[in-house]
2 protein chains.
Amino acid sequence: MSFTKGLSAFPITPMNANGRVDTPALQRLVAPLAAAKVDSIGLLGSTGSYPFLTRDERRRATDAAIGEVNGRVPVLVGIGALRLDEVIHLARDAKAAGAAAGLLAPVSYTPLTESEVFELFRAVAGECGLPLVIYDNFATTHFKFTPELIGRIARIPGVVAVKGTAPEASAAADHLAQMRKAVPAGFSVGYAGDWNSMETLLAGGDAWYCVAAGLFPNSCLAIARAAQAGDADEARKLNAAMQPLWDLFKQHSSLRVVYAAADIMGITDAKPPRPVLPLSDASQDKVAAVLKELKLS
Amino acid sequence: MSFTKGLSAFPITPMNANGRVDTPALQRLVAPLAAAKVDSIGLLGSTGSYPFLTRDERRRATDAAIGEVNGRVPVLVGIGALRLDEVIHLARDAKAAGAAAGLLAPVSYTPLTESEVFELFRAVAGECGLPLVIYDNFATTHFKFTPELIGRIARIPGVVAVKGTAPEASAAADHLAQMRKAVPAGFSVGYAGDWNSMETLLAGGDAWYCVAAGLFPNSCLAIARAAQAGDADEARKLNAAMQPLWDLFKQHSSLRVVYAAADIMGITDAKPPRPVLPLSDASQDKVAAVLKELKLS
């Protein structure tokens, strides 16, 4: 599946304090991603604050972004929600809007069992022709996938990829080998977590689901292309140059940092959805200094 | 505040697969709680699956339950949601319906900082005359409150109580002493987690926020009254008799067990909201056996 290979760029979803999406601002964010020819766009990911948006707003965002991209790049759309019936509605909406796949995280309040998560994927994959990407993000869902469970879900027809969380660089190859053993041949194994992801591509991972690429597609494509070509020296050099940005992501979360960056860059002054707060003025100054220093594009 | 003392009973909120609340079934659940004279009812708590319900359905549930209780017992209502604006709407709805207080948990997807949680409470307390209970439940919110943060939030006007998670029995007195040091004099400190809560009452805790009391108010009142009277032998004897139920709660979560119990008791055959699944037939048989053995009421 070409839409689960390479660099996937995850933009924010600008919205006002009432959760209304600013669709022109969203289009200003996705247009340069399509122009830069990232391999896919990850709309309404965690960076896109999907759980904070109603079904109507998610549909508005999806329609606006897919309209802007206009077939140039496949668009993956986050379809996670707390309720199964809502997930199914969102999957149908995404499919109708022309999404290439749905990103499905086991969003939870009541902690879920392994059976519940397996049955969630089975119910959604069976209800709708939309290919599904397993969205494994412990920091937000607090559900711990085992490789064995991912292997079982990967065998449900219609489930095509896993988006895991990149381990520390030194563990990338081992982690990927463990995942490859768990999933069927040809199943896409990709990673998120910008500061550790480059090494997973070098180790042979299929995709980098990347927050920074939602604002800096060219800078991230340069790293990804070097890693995909097996040019470890170049990939590591380019990635090391991004370290000041990765450090900010680790310190404040990538979400809060990219909101500040989008504002500094003049794209949108939208704030993260409260209770999440914007960075302090002092931290925003640091983001501005790093953007200036790195000359990202 | 009398509504933050003693035994607070937390019923389930029966709903169908589309998230529509069965208000007659909810009234069948709350009527015996009012009749038993529990000290308060905790509507739309975690056991009441509040995050799985829309604002409209939460309003329907609140109106139906408060109507049924008809002033006999104060009703606390869960007002947590992922978005601040939604929490404020829910607080106003609860106040308009006649709730005695709002239970506010820092529901999160993006992990929240201490400042964000403090500002959440300040914004909600300032927007609406509804007294607030700090709902500290790490297992569902994954936000870790420090005693210091609870102490700061406890000083926001309108915040009247904390509902913590009961520590192991041997740590109850130390935990309570630490909390008392953090909060102002007279601030209510209560606990949830049925299998450990009795010891917190014995240690001088103000309230037991109790799932089992949502179905078995008299059995739980007997334990609570003995503990409140300082009769440790009697309280421990009665609590120890409940151990088979506490063991099921620990094994399967209290939520899944009380859904099965309400069905076995003929009150409602509503299922937990999917992706949460009902207990297996074998586990339901165990619940039935425990209910039969314990003769709860």
# chains A, B, ... in the order shown; residues from 1 in each chain; ligands from 1
call {"tool": "select_by_dssp", "arguments": {"residues": "region 154-184 of chain A", "states": "strand (DSSP E or B)", "output": "list in words"}}
result
Val159, Val160, Ala161, Val162, Lys163, Gly164 and Thr165 of chain A
call {"tool": "interface_residues", "arguments": {"of": "chain A", "to": "chain B", "cutoff": "6 Å", "atoms": "only C-alpha atoms", "output": "JSON, numbers by chain"}}
result
{"A": [83, 84, 109, 110, 116, 120, 140, 274, 275, 276]}
call {"tool": "write_last_selection", "arguments": {"atoms": "N, CA and C atoms", "output": "PDB file, in the first residue's frame"}}
result
ATOM      1  N   ARG A  83     -16.645   5.802  21.582  1.00  0.00           N
ATOM      2  CA  ARG A  83     -17.739   4.851  21.370  1.00  0.00           C
ATOM      3  C   ARG A  83     -17.559   4.132  20.033  1.00  0.00           C
ATOM      4  N   LEU A  84     -17.857   2.847  19.994  1.00  0.00           N
ATOM      5  CA  LEU A  84     -17.760   2.085  18.754  1.00  0.00           C
ATOM      6  C   LEU A  84     -18.695   2.629  17.671  1.00  0.00           C
ATOM      7  N   TYR A 109     -11.603   5.428  28.123  1.00  0.00           N
ATOM      8  CA  TYR A 109     -11.735   6.040  29.448  1.00  0.00           C
ATOM      9  C   TYR A 109     -11.681   4.877  30.439  1.00  0.00           C
ATOM     10  N   THR A 110     -12.682   4.029  30.402  1.00  0.00           N
ATOM     11  CA  THR A 110     -12.593   2.742  31.077  1.00  0.00           C
ATOM     12  C   THR A 110     -11.452   1.961  30.423  1.00  0.00           C
ATOM     13  N   GLU A 116     -11.396  -6.553  23.939  1.00  0.00           N
ATOM     14  CA  GLU A 116     -12.211  -5.402  23.558  1.00  0.00           C
ATOM     15  C   GLU A 116     -11.569  -4.639  22.405  1.00  0.00           C
ATOM     16  N   LEU A 120     -13.002  -4.272  18.667  1.00  0.00           N
ATOM     17  CA  LEU A 120     -13.167  -2.922  18.112  1.00  0.00           C
ATOM     18  C   LEU A 120     -12.667  -2.889  16.669  1.00  0.00           C
ATOM     19  N   THR A 140      -1.317   8.630  24.773  1.00  0.00           N
ATOM     20  CA  THR A 140      -2.642   9.245  24.700  1.00  0.00           C
ATOM     21  C   THR A 140      -3.771   8.258  25.012  1.00  0.00           C
ATOM     22  N   ARG A 274      -8.499  23.951  24.684  1.00  0.00           N
ATOM     23  CA  ARG A 274      -8.438  23.934  26.140  1.00  0.00           C
ATOM     24  C   ARG A 274      -9.193  22.736  26.670  1.00  0.00           C
ATOM     25  N   PRO A 275      -8.707  22.112  27.759  1.00  0.00           N
ATOM     26  CA  PRO A 275      -7.764  22.619  28.749  1.00  0.00           C
ATOM     27  C   PRO A 275      -6.297  22.694  28.331  1.00  0.00           C
ATOM     28  N   VAL A 276      -5.891  22.158  27.187  1.00  0.00           N
ATOM     29  CA  VAL A 276      -4.503  22.315  26.753  1.00  0.00           C
ATOM     30  C   VAL A 276      -4.249  23.813  26.555  1.00  0.00           C
TER      31      VAL A 276
END
call {"tool": "calpha_fit_rmsd", "arguments": {"fixed": "chain A", "moving": "chain B"}}
result
0.0 Å
call {"tool": "residues_around", "arguments": {"residues": "Gln251 (chain A)", "least_positions_apart": "4", "cutoff": "12 Å", "atoms": "only C-alpha atoms", "output": "PyMOL selection string"}}
result
(chain A and resi 195+244-247+255-257+279+283+286-287) or (chain B and resi 113)
call {"tool": "write_last_selection", "arguments": {"atoms": "N, CA and C atoms", "output": "compact mmCIF listing (two decimals), in the first residue's frame"}}
result
# COMPACT_ATOMS: atom_id res chain seq x y z
N TRP A 195 11.52 12.45 17.26
CA TRP A 195 12.93 12.46 17.68
C TRP A 195 13.59 11.09 17.58
N PRO A 244 17.52 20.56 18.05
CA PRO A 244 16.90 21.62 18.88
C PRO A 244 15.37 21.58 18.81
N LEU A 245 14.82 21.22 17.64
CA LEU A 245 13.36 21.10 17.54
C LEU A 245 12.88 19.85 18.29
N TRP A 246 13.60 18.73 18.10
CA TRP A 246 13.20 17.51 18.82
C TRP A 246 13.23 17.74 20.33
N ASP A 247 14.23 18.51 20.79
CA ASP A 247 14.31 18.78 22.24
C ASP A 247 13.09 19.56 22.73
N LEU A 255 2.73 18.70 20.03
CA LEU A 255 1.48 19.43 19.79
C LEU A 255 1.61 20.91 20.17
N ARG A 256 2.03 21.16 21.40
CA ARG A 256 2.10 22.56 21.85
C ARG A 256 3.13 23.34 21.03
N VAL A 257 4.22 22.68 20.67
CA VAL A 257 5.28 23.37 19.93
C VAL A 257 4.82 23.73 18.51
N LEU A 279 1.91 27.47 24.74
CA LEU A 279 3.18 27.64 25.46
C LEU A 279 3.25 29.03 26.08
N SER A 283 8.61 30.28 26.38
CA SER A 283 8.81 29.07 25.56
C SER A 283 8.56 29.37 24.09
N LYS A 286 11.59 30.69 22.62
CA LYS A 286 12.57 29.64 22.31
C LYS A 286 12.23 28.94 21.00
N VAL A 287 10.93 28.70 20.78
CA VAL A 287 10.51 28.08 19.51
C VAL A 287 10.91 29.00 18.35
N THR B 113 -0.71 19.19 31.67
CA THR B 113 0.24 19.66 32.68
C THR B 113 -0.52 20.07 33.94
call {"tool": "atom_distance", "arguments": {"atom1": "CA of Phe187 (chain A)", "atom2": "CA of Glu148 (chain A)"}}
result
14.2 Å
call {"tool": "residues_around", "arguments": {"residues": "Val211 (chain B)", "least_positions_apart": "3", "cutoff": "10 Å", "atoms": "only C-alpha atoms", "output": "count of residues only"}}
result
23
call {"tool": "residues_around", "arguments": {"residues": "Val73 (chain B)", "least_positions_apart": "2", "cutoff": "12 Å", "atoms": "only C-alpha atoms", "output": "VMD selection string"}}
result
chain B and resid 2 to 4 7 to 9 30 to 43 65 to 71 75 to 76 98 to 100
call {"tool": "write_last_selection", "arguments": {"atoms": "C-alpha atoms", "output": "PDB file, in the first residue's frame"}}
result
ATOM      1  CA  SER B   2     -23.433  17.419  53.891  1.00  0.00           C
ATOM      2  CA  PHE B   3     -23.431  16.190  50.298  1.00  0.00           C
ATOM      3  CA  THR B   4     -19.743  15.389  50.541  1.00  0.00           C
ATOM      4  CA  LEU B   7     -21.852   7.165  51.540  1.00  0.00           C
ATOM      5  CA  SER B   8     -22.279   8.311  47.953  1.00  0.00           C
ATOM      6  CA  ALA B   9     -23.841   5.682  45.665  1.00  0.00           C
ATOM      7  CA  VAL B  30     -31.873   5.511  41.711  1.00  0.00           C
ATOM      8  CA  ALA B  31     -35.249   5.050  43.444  1.00  0.00           C
ATOM      9  CA  PRO B  32     -33.972   2.436  45.931  1.00  0.00           C
ATOM     10  CA  LEU B  33     -30.904   4.584  46.648  1.00  0.00           C
ATOM     11  CA  ALA B  34     -33.085   7.496  47.721  1.00  0.00           C
ATOM     12  CA  ALA B  35     -35.326   5.145  49.673  1.00  0.00           C
ATOM     13  CA  ALA B  36     -32.325   3.672  51.494  1.00  0.00           C
ATOM     14  CA  LYS B  37     -31.207   7.198  52.391  1.00  0.00           C
ATOM     15  CA  VAL B  38     -27.671   7.046  51.102  1.00  0.00           C
ATOM     16  CA  ASP B  39     -25.969  10.368  51.837  1.00  0.00           C
ATOM     17  CA  SER B  40     -25.711  11.261  48.156  1.00  0.00           C
ATOM     18  CA  ILE B  41     -26.003   9.812  44.677  1.00  0.00           C
ATOM     19  CA  GLY B  42     -23.085  10.119  42.257  1.00  0.00           C
ATOM     20  CA  LEU B  43     -24.786  10.280  38.889  1.00  0.00           C
ATOM     21  CA  ALA B  65     -32.634  10.910  38.060  1.00  0.00           C
ATOM     22  CA  ILE B  66     -33.049  14.191  39.923  1.00  0.00           C
ATOM     23  CA  GLY B  67     -36.770  14.086  39.182  1.00  0.00           C
ATOM     24  CA  GLU B  68     -37.021  10.591  40.622  1.00  0.00           C
ATOM     25  CA  VAL B  69     -34.992  11.444  43.721  1.00  0.00           C
ATOM     26  CA  ASN B  70     -37.137  14.536  44.193  1.00  0.00           C
ATOM     27  CA  GLY B  71     -34.968  16.251  46.792  1.00  0.00           C
ATOM     28  CA  VAL B  75     -27.264  14.304  43.612  1.00  0.00           C
ATOM     29  CA  LEU B  76     -23.666  14.866  42.445  1.00  0.00           C
ATOM     30  CA  GLY B  98     -30.687  20.880  40.501  1.00  0.00           C
ATOM     31  CA  ALA B  99     -27.429  19.001  41.054  1.00  0.00           C
ATOM     32  CA  ALA B 100     -25.798  19.555  44.464  1.00  0.00           C
TER      33      ALA B 100
END
call {"tool": "residues_around", "arguments": {"residues": "Ala64 (chain B)", "least_positions_apart": "6", "cutoff": "10 Å", "atoms": "only C-alpha atoms", "output": "JSON, numbers by chain"}}
result
{"B": [21, 22, 23, 24, 25, 26, 27, 30, 58, 70, 97]}
call {"tool": "closest_residue", "arguments": {"among": "A:Met179, A:Asp136, A:Leu202, A:Gly164", "to": "Asp231 (chain A)", "atoms": "only C-alpha atoms"}}
result
A:Leu202
call {"tool": "select_by_dssp", "arguments": {"residues": "region 3-64 of chain B", "states": "helix (DSSP H, G or I)", "output": "ChimeraX atom specification"}}
result
/B:3-4,23-35,50-52,55-64
